[in-house]
file start-v1.tsv (TSV, C-alpha atoms)
chain	number	residue	atom	x	y	z
A	14	MET	CA	0.00	0.00	0.00
A	15	LYS	CA	2.83	2.37	0.81
A	16	HIS	CA	4.12	2.04	-2.76
A	17	TRP	CA	0.84	3.38	-4.17
A	18	TRP	CA	1.02	6.84	-2.58
A	19	TRP	CA	1.99	8.55	-5.82
A	20	LYS	CA	-0.95	6.93	-7.62
A	21	PHE	CA	-3.37	8.26	-5.02
A	22	MET	CA	-1.65	11.64	-5.36
A	23	ALA	CA	-2.20	11.57	-9.14
A	24	VAL	CA	-5.91	10.91	-8.69
A	25	VAL	CA	-6.31	13.62	-6.04
A	26	LEU	CA	-4.38	16.22	-8.04
A	27	LEU	CA	-6.36	15.50	-11.20
A	28	LEU	CA	-9.67	15.70	-9.37
A	29	ILE	CA	-8.73	19.02	-7.77
A	30	ALA	CA	-7.39	20.49	-11.02
A	31	SER	CA	-10.31	19.27	-13.15
A	32	ILE	CA	-13.05	20.40	-10.79
A	33	ALA	CA	-11.43	23.77	-10.11
A	34	GLY	CA	-10.50	24.26	-13.76
A	35	LEU	CA	-14.09	23.76	-14.88
A	36	ARG	CA	-16.02	25.29	-11.98
A	37	VAL	CA	-14.12	28.39	-10.83
A	38	PRO	CA	-15.72	31.49	-12.40
A	39	LEU	CA	-13.86	34.15	-14.38
A	40	SER	CA	-13.37	37.63	-12.98
A	41	PRO	CA	-15.69	40.35	-14.31
A	42	ALA	CA	-14.46	42.05	-17.48
A	43	LEU	CA	-15.56	44.23	-20.36
A	44	VAL	CA	-15.71	42.09	-23.50
A	45	HIS	CA	-17.24	44.32	-26.18
A	46	VAL	CA	-17.64	48.03	-26.85
A	47	SER	CA	-19.49	49.64	-29.77
A	48	PRO	CA	-18.80	51.75	-31.81
A	49	SER	CA	-15.11	51.23	-32.42
A	50	ARG	CA	-14.45	54.83	-33.55
A	51	ILE	CA	-15.34	58.13	-31.90
A	52	MET	CA	-14.89	61.78	-32.78
A	53	PRO	CA	-15.72	65.09	-31.08
A	54	GLY	CA	-19.42	65.46	-30.34
A	55	GLU	CA	-22.11	63.41	-28.65
A	56	VAL	CA	-21.50	59.68	-28.85
A	57	MET	CA	-23.60	56.72	-27.71
A	58	ILE	CA	-21.55	53.76	-26.48
A	59	ASP	CA	-22.89	50.24	-25.89
A	60	VAL	CA	-20.84	48.23	-23.39
A	61	THR	CA	-21.07	44.47	-22.84
A	62	GLY	CA	-19.57	42.84	-19.77
A	63	TYR	CA	-18.96	39.26	-18.72
A	64	ASN	CA	-19.82	38.12	-15.19
A	65	THR	CA	-20.40	41.78	-14.36
A	66	ARG	CA	-22.97	43.45	-12.12
A	67	PHE	CA	-23.81	46.73	-13.82
A	68	ALA	CA	-26.06	48.91	-11.70
A	69	ASP	CA	-27.43	52.44	-11.66
A	70	GLY	CA	-24.91	54.97	-10.40
A	71	MET	CA	-21.85	53.00	-11.48
A	72	ARG	CA	-18.70	55.04	-12.16
A	73	THR	CA	-17.80	55.30	-15.85
A	74	TYR	CA	-15.42	57.48	-17.85
A	75	LEU	CA	-13.22	57.63	-20.94
A	76	VAL	CA	-9.44	57.94	-20.72
A	77	ASN	CA	-7.25	59.39	-23.46
A	78	ASP	CA	-3.59	60.08	-22.69
A	79	ASN	CA	-4.40	60.80	-19.01
A	80	GLN	CA	-7.32	63.01	-20.05
A	81	TYR	CA	-10.67	62.00	-18.53
A	82	VAL	CA	-14.15	62.43	-20.00
A	83	CYS	CA	-17.17	61.73	-17.82
A	84	PRO	CA	-20.47	60.67	-19.45
A	85	MET	CA	-23.62	62.72	-19.54
A	86	ARG	CA	-25.81	59.67	-18.92
A	87	VAL	CA	-25.44	55.98	-18.15
A	88	ASP	CA	-28.40	53.66	-18.84
A	89	VAL	CA	-28.11	50.16	-17.40
A	90	MET	CA	-30.14	47.56	-19.33
A	91	ASP	CA	-29.12	44.57	-17.23
A	92	ALA	CA	-26.15	43.23	-15.26
A	93	THR	CA	-24.00	42.82	-18.38
A	94	HIS	CA	-25.24	45.54	-20.75
A	95	ALA	CA	-25.12	49.33	-20.44
A	96	ARG	CA	-25.47	52.32	-22.75
A	97	ILE	CA	-23.29	55.36	-22.14
A	98	VAL	CA	-23.88	58.79	-23.64
A	99	ALA	CA	-20.89	61.13	-23.55
A	100	GLU	CA	-19.90	64.43	-25.09
A	101	VAL	CA	-16.45	63.83	-26.56
A	102	PRO	CA	-14.53	67.13	-26.48
A	103	ALA	CA	-12.23	68.35	-29.22
A	104	GLY	CA	-8.49	68.08	-28.70
A	105	MET	CA	-7.94	64.46	-27.69
A	106	ARG	CA	-4.17	63.89	-27.88
A	107	ALA	CA	-3.95	60.12	-28.49
A	108	SER	CA	-5.45	58.06	-31.30
A	109	MET	CA	-6.74	55.37	-28.92
A	110	THR	CA	-9.18	55.95	-26.06
A	111	ASP	CA	-9.85	53.56	-23.15
A	112	ILE	CA	-13.12	53.16	-21.29
A	113	VAL	CA	-13.41	52.36	-17.58
A	114	VAL	CA	-16.62	50.91	-16.09
A	115	GLN	CA	-16.85	49.98	-12.41
A	116	GLY	CA	-13.06	49.73	-12.19
A	117	MET	CA	-12.81	47.49	-15.28
A	118	THR	CA	-10.75	48.88	-18.16
A	119	TYR	CA	-11.19	48.10	-21.83
A	120	PRO	CA	-7.87	49.34	-23.28
A	121	GLY	CA	-7.88	50.83	-26.75
A	122	ALA	CA	-11.66	50.63	-26.98
A	123	PHE	CA	-12.02	53.41	-29.55
A	124	PHE	CA	-10.02	54.80	-32.42
A	125	THR	CA	-10.19	58.54	-31.85
A	126	GLU	CA	-10.42	61.02	-34.70
A	127	SER	CA	-9.69	64.78	-34.90
A	128	LEU	CA	-6.74	64.87	-32.52
A	129	GLY	CA	-5.50	68.10	-30.94
A	130	GLU	CA	-3.32	69.53	-28.23
A	131	GLY	CA	-5.54	68.67	-25.30
A	132	ILE	CA	-9.10	68.65	-24.05
A	133	GLU	CA	-10.80	72.00	-24.38
A	134	SER	CA	-14.02	71.19	-22.56
A	135	GLY	CA	-16.00	68.43	-20.90
A	136	SER	CA	-13.04	67.04	-18.99
A	137	CYS	CA	-13.21	65.55	-15.51
A	138	ALA	CA	-10.82	63.91	-13.09
A	139	PRO	CA	-12.65	61.03	-11.42
A	140	THR	CA	-11.17	58.89	-8.68
A	141	PRO	CA	-10.75	55.43	-10.21
A	142	PRO	CA	-13.23	53.14	-8.42
A	143	LYS	CA	-12.06	49.81	-7.10
A	144	LEU	CA	-13.43	46.74	-8.83
A	145	ASP	CA	-16.03	45.10	-6.58
A	146	LEU	CA	-15.46	41.35	-6.34
A	147	THR	CA	-17.61	40.84	-3.25
A	148	GLY	CA	-19.44	37.54	-3.36
A	149	LEU	CA	-17.45	36.12	-6.27
A	150	GLY	CA	-14.82	34.43	-4.12
A	151	PHE	CA	-11.88	32.81	-5.90
A	152	THR	CA	-11.87	33.65	-9.61
A	153	PHE	CA	-9.66	33.15	-12.65
A	154	PRO	CA	-8.41	36.18	-14.63
A	155	ASN	CA	-10.58	37.21	-17.55
A	156	ARG	CA	-8.16	37.77	-20.44
A	157	SER	CA	-9.02	39.40	-23.74
A	158	ILE	CA	-9.38	36.88	-26.61
A	159	LEU	CA	-8.96	33.92	-24.23
A	160	TYR	CA	-12.03	34.41	-21.99
A	161	GLU	CA	-13.49	30.99	-21.00
A	162	SER	CA	-10.98	29.13	-23.17
A	163	ILE	CA	-8.31	29.97	-20.60
A	164	ARG	CA	-9.52	26.85	-18.75
A	165	ASN	CA	-7.86	24.76	-21.46
A	166	LEU	CA	-4.57	25.76	-19.84
A	167	PHE	CA	-5.17	22.98	-17.29
A	168	PHE	CA	-5.63	20.34	-19.98
A	169	HIS	CA	-3.79	21.28	-23.18
A	170	VAL	CA	-0.46	22.35	-21.67
A	171	PRO	CA	-0.19	19.40	-19.19
A	172	MET	CA	-0.72	17.01	-22.11
A	173	TRP	CA	2.48	18.28	-23.71
A	174	PHE	CA	4.35	18.32	-20.41
A	175	THR	CA	3.34	14.69	-19.91
A	176	MET	CA	4.27	13.71	-23.46
A	177	ILE	CA	7.69	15.29	-23.12
A	178	ALA	CA	8.25	13.63	-19.73
A	179	LEU	CA	7.32	10.20	-21.14
A	180	MET	CA	9.48	10.64	-24.23
A	181	GLY	CA	12.28	11.64	-21.87
A	182	ILE	CA	11.78	8.38	-19.98
A	183	ALA	CA	11.88	6.49	-23.28
A	184	PHE	CA	15.07	8.36	-24.21
A	185	TRP	CA	16.74	7.36	-20.92
A	186	GLN	CA	15.62	3.74	-21.22
A	187	SER	CA	16.99	3.62	-24.79
A	188	ILE	CA	20.39	4.82	-23.59
A	189	LYS	CA	20.36	2.00	-21.04
A	190	VAL	CA	19.45	-0.49	-23.77
A	191	LEU	CA	22.57	0.43	-25.74
A	192	GLY	CA	24.65	-0.36	-22.65
A	193	ASN	CA	23.58	-3.99	-22.24
A	194	THR	CA	20.67	-4.71	-24.65
A	195	ASP	CA	18.26	-5.16	-21.73
A	196	LEU	CA	14.93	-6.29	-23.18
A	197	GLU	CA	13.08	-5.11	-20.07
A	198	ARG	CA	14.31	-1.57	-20.64
A	199	ASP	CA	13.46	-1.88	-24.32
A	200	ARG	CA	9.95	-2.86	-23.32
A	201	ALA	CA	9.72	0.16	-21.01
A	202	ALA	CA	10.95	2.49	-23.76
A	203	ARG	CA	8.32	1.17	-26.16
A	204	SER	CA	5.56	1.56	-23.58
A	205	ALA	CA	6.65	5.11	-22.78
A	206	VAL	CA	6.54	6.04	-26.47
A	207	GLN	CA	3.11	4.46	-26.93
A	208	VAL	CA	1.59	6.32	-23.98
A	209	GLY	CA	3.50	9.46	-24.95
A	210	LEU	CA	1.89	9.35	-28.40
A	211	LEU	CA	-1.52	9.10	-26.73
A	212	PHE	CA	-0.84	12.32	-24.83
A	213	CYS	CA	0.58	13.87	-28.00
A	214	GLY	CA	-2.71	13.16	-29.75
A	215	LEU	CA	-4.66	14.63	-26.83
A	216	GLY	CA	-2.42	17.69	-26.93
A	217	LEU	CA	-3.09	18.17	-30.65
A	218	VAL	CA	-6.86	17.81	-30.17
A	219	THR	CA	-7.09	20.17	-27.18
A	220	GLY	CA	-4.79	22.58	-29.01
A	221	ALA	CA	-7.02	22.53	-32.09
A	222	VAL	CA	-10.06	23.32	-29.96
A	223	TRP	CA	-8.21	26.18	-28.27
A	224	ALA	CA	-6.93	27.51	-31.61
A	225	ARG	CA	-10.48	27.54	-33.00
A	226	ALA	CA	-11.68	29.59	-30.03
A	227	THR	CA	-8.82	32.12	-30.03
A	228	TRP	CA	-7.30	32.14	-33.52
A	229	GLY	CA	-10.43	31.32	-35.54
A	230	ALA	CA	-9.21	28.03	-37.07
A	231	PHE	CA	-8.54	24.51	-35.84
A	232	TRP	CA	-5.12	24.52	-37.49
A	233	THR	CA	-2.92	27.41	-38.56
A	234	ASN	CA	0.45	27.58	-40.30
A	235	ASP	CA	2.21	27.89	-36.94
A	236	VAL	CA	5.74	26.56	-36.59
A	237	LYS	CA	5.02	24.96	-33.22
A	238	LEU	CA	1.87	23.23	-34.46
A	239	ASN	CA	3.70	21.88	-37.48
A	240	GLY	CA	6.64	20.84	-35.31
A	241	ALA	CA	4.30	18.93	-32.99
A	242	ALA	CA	2.73	17.13	-35.95
A	243	VAL	CA	6.16	16.19	-37.34
A	244	THR	CA	7.23	14.97	-33.90
A	245	ALA	CA	4.18	12.70	-33.75
A	246	LEU	CA	5.06	11.25	-37.17
A	247	ILE	CA	8.66	10.64	-36.08
A	248	TYR	CA	7.53	8.60	-33.09
A	249	LEU	CA	4.94	6.74	-35.13
A	250	ALA	CA	7.81	5.75	-37.44
A	251	TYR	CA	9.59	4.41	-34.34
A	252	LEU	CA	6.74	1.96	-33.79
A	253	VAL	CA	6.77	1.01	-37.48
A	254	LEU	CA	10.52	0.35	-37.27
A	255	ARG	CA	10.02	-1.96	-34.30
A	256	GLY	CA	7.37	-3.94	-36.16
A	257	SER	CA	9.66	-4.50	-39.15
A	258	ILE	CA	12.50	-6.25	-37.25
A	259	PRO	CA	11.76	-9.81	-36.00
A	260	ASP	CA	14.98	-10.36	-34.02
A	261	LEU	CA	14.43	-9.17	-30.42
A	262	TYR	CA	17.97	-7.99	-29.66
A	263	LYS	CA	18.59	-6.38	-33.03
A	264	ARG	CA	15.21	-4.64	-32.76
A	265	ALA	CA	16.00	-3.37	-29.27
A	266	ARG	CA	19.32	-1.81	-30.30
A	267	LEU	CA	18.10	-0.25	-33.57
A	268	ALA	CA	14.97	1.10	-31.88
A	269	ALA	CA	17.08	2.54	-29.08
A	270	ILE	CA	19.33	4.40	-31.53
A	271	TYR	CA	16.32	5.73	-33.41
A	272	ASN	CA	14.60	6.77	-30.16
A	273	ILE	CA	17.61	8.79	-29.03
A	274	PHE	CA	17.64	10.77	-32.29
A	275	ALA	CA	13.84	11.14	-32.12
A	276	PHE	CA	14.07	12.83	-28.71
A	277	VAL	CA	16.74	15.22	-29.98
A	278	LEU	CA	14.44	16.17	-32.87
A	279	LEU	CA	11.57	16.63	-30.40
A	280	VAL	CA	13.63	19.19	-28.49
A	281	LEU	CA	14.54	20.98	-31.72
A	282	PHE	CA	10.99	21.09	-33.13
A	283	LEU	CA	9.20	22.04	-29.90
A	284	PHE	CA	11.73	24.21	-28.06
A	285	VAL	CA	14.50	25.52	-30.29
A	286	VAL	CA	13.00	26.34	-33.71
A	287	PRO	CA	9.78	28.03	-32.43
A	288	ARG	CA	11.84	30.39	-30.24
A	289	LEU	CA	13.81	31.84	-33.12
A	290	ASN	CA	12.79	35.48	-33.57
A	291	GLU	CA	12.92	35.10	-37.33
A	292	ILE	CA	10.20	32.42	-37.21
A	293	ASP	CA	6.56	33.57	-37.05
A	294	SER	CA	4.50	31.85	-34.36
A	295	LEU	CA	1.18	32.56	-32.65
A	296	HIS	CA	2.16	30.61	-29.55
A	297	PRO	CA	3.14	32.67	-26.48
A	298	GLY	CA	6.88	32.72	-25.88
A	299	ASN	CA	7.71	31.78	-29.46
A	300	GLY	CA	8.71	33.73	-32.56
A	301	GLY	CA	9.51	36.79	-30.47
A	302	ASN	CA	6.11	36.77	-28.69
A	303	SER	CA	5.85	37.42	-24.98
A	304	GLY	CA	5.42	34.25	-22.95
A	305	PHE	CA	2.09	33.19	-21.49
A	306	ASN	CA	3.78	33.44	-18.12
A	307	ASP	CA	4.61	37.11	-18.77
A	308	LEU	CA	1.11	38.29	-19.72
A	309	ASP	CA	-1.62	35.89	-18.66
A	310	LEU	CA	-0.48	33.37	-16.05
A	311	ASP	CA	-1.00	34.73	-12.54
A	312	ASN	CA	-1.01	33.18	-9.07
A	313	ARG	CA	-4.70	32.26	-9.32
A	314	LEU	CA	-4.01	30.13	-12.37
A	315	ARG	CA	-0.78	28.71	-10.95
A	316	ILE	CA	-2.64	27.29	-7.94
A	317	VAL	CA	-4.52	24.99	-10.32
A	318	PHE	CA	-2.02	24.74	-13.19
A	319	TYR	CA	0.90	23.20	-11.28
A	320	PRO	CA	-1.22	20.45	-9.62
A	321	ALA	CA	-2.71	19.72	-13.04
A	322	VAL	CA	0.75	19.25	-14.58
A	323	ALA	CA	1.90	17.05	-11.70
A	324	GLY	CA	-1.30	14.99	-11.82
A	325	TRP	CA	-1.19	14.35	-15.56
A	326	VAL	CA	2.52	13.48	-15.49
A	327	LEU	CA	1.97	11.00	-12.65
A	328	LEU	CA	-0.99	9.52	-14.52
A	329	GLY	CA	1.17	9.11	-17.61
A	330	ILE	CA	3.89	7.32	-15.63
A	331	TRP	CA	1.24	5.09	-14.09
A	332	MET	CA	-0.07	4.21	-17.56
A	333	VAL	CA	3.47	3.40	-18.73
A	334	ASP	CA	3.96	1.12	-15.74
A	335	LEU	CA	0.69	-0.72	-16.47
A	336	ARG	CA	1.51	-0.95	-20.17
A	337	THR	CA	4.98	-2.35	-19.47
A	338	ARG	CA	3.68	-4.99	-17.06
A	339	THR	CA	0.93	-5.99	-19.49
A	340	ALA	CA	3.44	-6.32	-22.35
A	341	ARG	CA	5.68	-8.49	-20.15
A	342	LEU	CA	2.81	-10.86	-19.29
A	343	ILE	CA	1.76	-11.12	-22.94
A	344	GLU	CA	5.31	-11.98	-24.03
A	345	GLN	CA	5.57	-14.61	-21.29
A	346	MET	CA	2.31	-16.20	-22.41
A	347	ASP	CA	3.46	-16.31	-26.04
A	348	ARG	CA	6.62	-18.22	-25.27
call {"tool": "encode", "arguments": {"input": "start-v1.tsv", "output": "structure tokens"}}
result
Amino acid sequence: MKHWWWKFMAVVLLLIASIAGLRVPLSPALVHVSPSRIMPGEVMIDVTGYNTRFADGMRTYLVNDNQYVCPMRVDVMDATHARIVAEVPAGMRASMTDIVVQGMTYPGAFFTESLGEGIESGSCAPTPPKLDLTGLGFTFPNRSILYESIRNLFFHVPMWFTMIALMGIAFWQSIKVLGNTDLERDRAARSAVQVGLLFCGLGLVTGAVWARATWGAFWTNDVKLNGAAVTALIYLAYLVLRGSIPDLYKRARLAAIYNIFAFVLLVLFLFVVPRLNEIDSLHPGNGGNSGFNDLDLDNRLRIVFYPAVAGWVLLGIWMVDLRTRTARLIEQMDR
């Protein structure tokens, strides 16, 4: 029983991460503002919020290069929709204007026309109100473009972490095979690759769903996506190679050599090439982009993200162990 502690830990971590990842609400945020362009004069602005609690008397204003414009009227339709009427003065200095509603900022909400040297009239200097999160409890950040799809962080990214960990195990077992042609280690390397390919497939599927929600297509010409697909094909070829060699010891050594080179290519395709600034990539942290950790990942997400990674990796190792033991029993029965 004492040897099963890490298996119980895997189950507990996955339960916690899955339940929290799917049930914790997002923080309130402004998700849509219309129109997208404003110019001096009276303007009517429709604001849509997510998980917000718009109410009469809420503080609202426009911000342009530290110049503030207070509205003439704010009509609240419901908790997530409001209409704001404001008199935009002449002389806005910046081409982009933000809007602040109940402490929530929608940056660059409007393209501003007829710029000048500063506000001539209608300005105000409100005290920025604090965002009221009373009653919401623990929430995840509400990021532009990502919105609810940010929950996929706890599933898509751990799939790749697990795949890489399992392919690393296969790499290490293959090195050991070259030392003494140990068929048990060869069996473990094969099992690790098989389970690793399962997680690779899950990573591609969850990534396609996330790409559709954020980038508008299930698959884009992204260097990291293409590298992941090529990596999957390389490891599928490893399994084909094994099936083409009948001799056990010759198969073990050739497969081990191939597996070592396959892991090196994995590192190149998933970590080195996408991080070259000359290569275009939509993935955070690649192709010169800021990392997800820099912009979006905060402590609220980390509380769930790290247990999710640990849980999925432990589950993957557990699956490799079961697969290896099953393969050993099958081979013993076939003798």
call {"tool": "atom_distance", "arguments": {"input": "start-v1.tsv", "atom1": "CA of Ala33 in chain A", "atom2": "CA of Gly150 in chain A"}}
result
12.7 Å
call {"tool": "atom_distance", "arguments": {"input": "start-v1.tsv", "atom1": "CA of Arg66 in chain A", "atom2": "CA of Ile112 in chain A"}}
result
16.6 Å
call {"tool": "residues_around", "arguments": {"input": "start-v1.tsv", "residues": "Val222 in chain A", "least_positions_apart": "3", "cutoff": "12 Å", "atoms": "only C-alpha atoms", "output": "PyMOL selection string"}}
result
chain A and resi 162-166+168-169+215-219+225-233
call {"tool": "closest_residue", "arguments": {"input": "start-v1.tsv", "among": "A:Gly214, A:Arg200, A:Tyr319, A:Phe282", "to": "Thr339 in chain A", "atoms": "all atoms listed in the file"}}
result
A:Arg200
call {"tool": "closest_residue", "arguments": {"input": "start-v1.tsv", "among": "A:Tyr160, A:Phe167, A:Trp185, A:Phe276", "to": "Val44 in chain A", "atoms": "all atoms listed in the file"}}
result
A:Tyr160
call {"tool": "residues_around", "arguments": {"input": "start-v1.tsv", "residues": "Arg86 in chain A", "least_positions_apart": "2", "cutoff": "9 Å", "atoms": "only C-alpha atoms", "output": "list in words"}}
result
Cys83, Pro84, Asp88, Arg96, Ile97, Val98 and Ala99 of chain A
call {"tool": "write_last_selection", "arguments": {"input": "start-v1.tsv", "atoms": "C-alpha atoms", "output": "PDB file, in the frame of the given file"}}
result
ATOM      1  CA  CYS A  83     -17.170  61.730 -17.820  1.00  0.00           C
ATOM      2  CA  PRO A  84     -20.470  60.670 -19.450  1.00  0.00           C
ATOM      3  CA  ASP A  88     -28.400  53.660 -18.840  1.00  0.00           C
ATOM      4  CA  ARG A  96     -25.470  52.320 -22.750  1.00  0.00           C
ATOM      5  CA  ILE A  97     -23.290  55.360 -22.140  1.00  0.00           C
ATOM      6  CA  VAL A  98     -23.880  58.790 -23.640  1.00  0.00           C
ATOM      7  CA  ALA A  99     -20.890  61.130 -23.550  1.00  0.00           C
TER       8      ALA A  99
END
call {"tool": "residues_around", "arguments": {"input": "start-v1.tsv", "residues": "Pro171 in chain A", "least_positions_apart": "5", "cutoff": "7 Å", "atoms": "only C-alpha atoms", "output": "list in words"}}
result
Ala321, Val322 and Trp325 of chain A
call {"tool": "atom_distance", "arguments": {"input": "start-v1.tsv", "atom1": "CA of Leu281 in chain A", "atom2": "CA of Thr244 in chain A"}}
result
9.7 Å
call {"tool": "closest_residue", "arguments": {"input": "start-v1.tsv", "among": "A:Leu254, A:Val113, A:Val243, A:Val170", "to": "Leu267 in chain A", "atoms": "only C-alpha atoms"}}
result
A:Leu254
call {"tool": "closest_residue", "arguments": {"input": "start-v1.tsv", "among": "A:Lys189, A:Leu211, A:Ala122, A:Glu100", "to": "Met172 in chain A", "atoms": "all atoms listed in the file"}}
result
A:Leu211
call {"tool": "closest_residue", "arguments": {"input": "start-v1.tsv", "among": "A:Val206, A:Val60, A:Ile32, A:Ala265", "to": "Gln115 in chain A", "atoms": "only C-alpha atoms"}}
result
A:Val60
call {"tool": "closest_residue", "arguments": {"input": "start-v1.tsv", "among": "A:Phe274, A:Trp17, A:Tyr248, A:Phe123", "to": "Ser49 in chain A", "atoms": "all atoms listed in the file"}}
result
A:Phe123
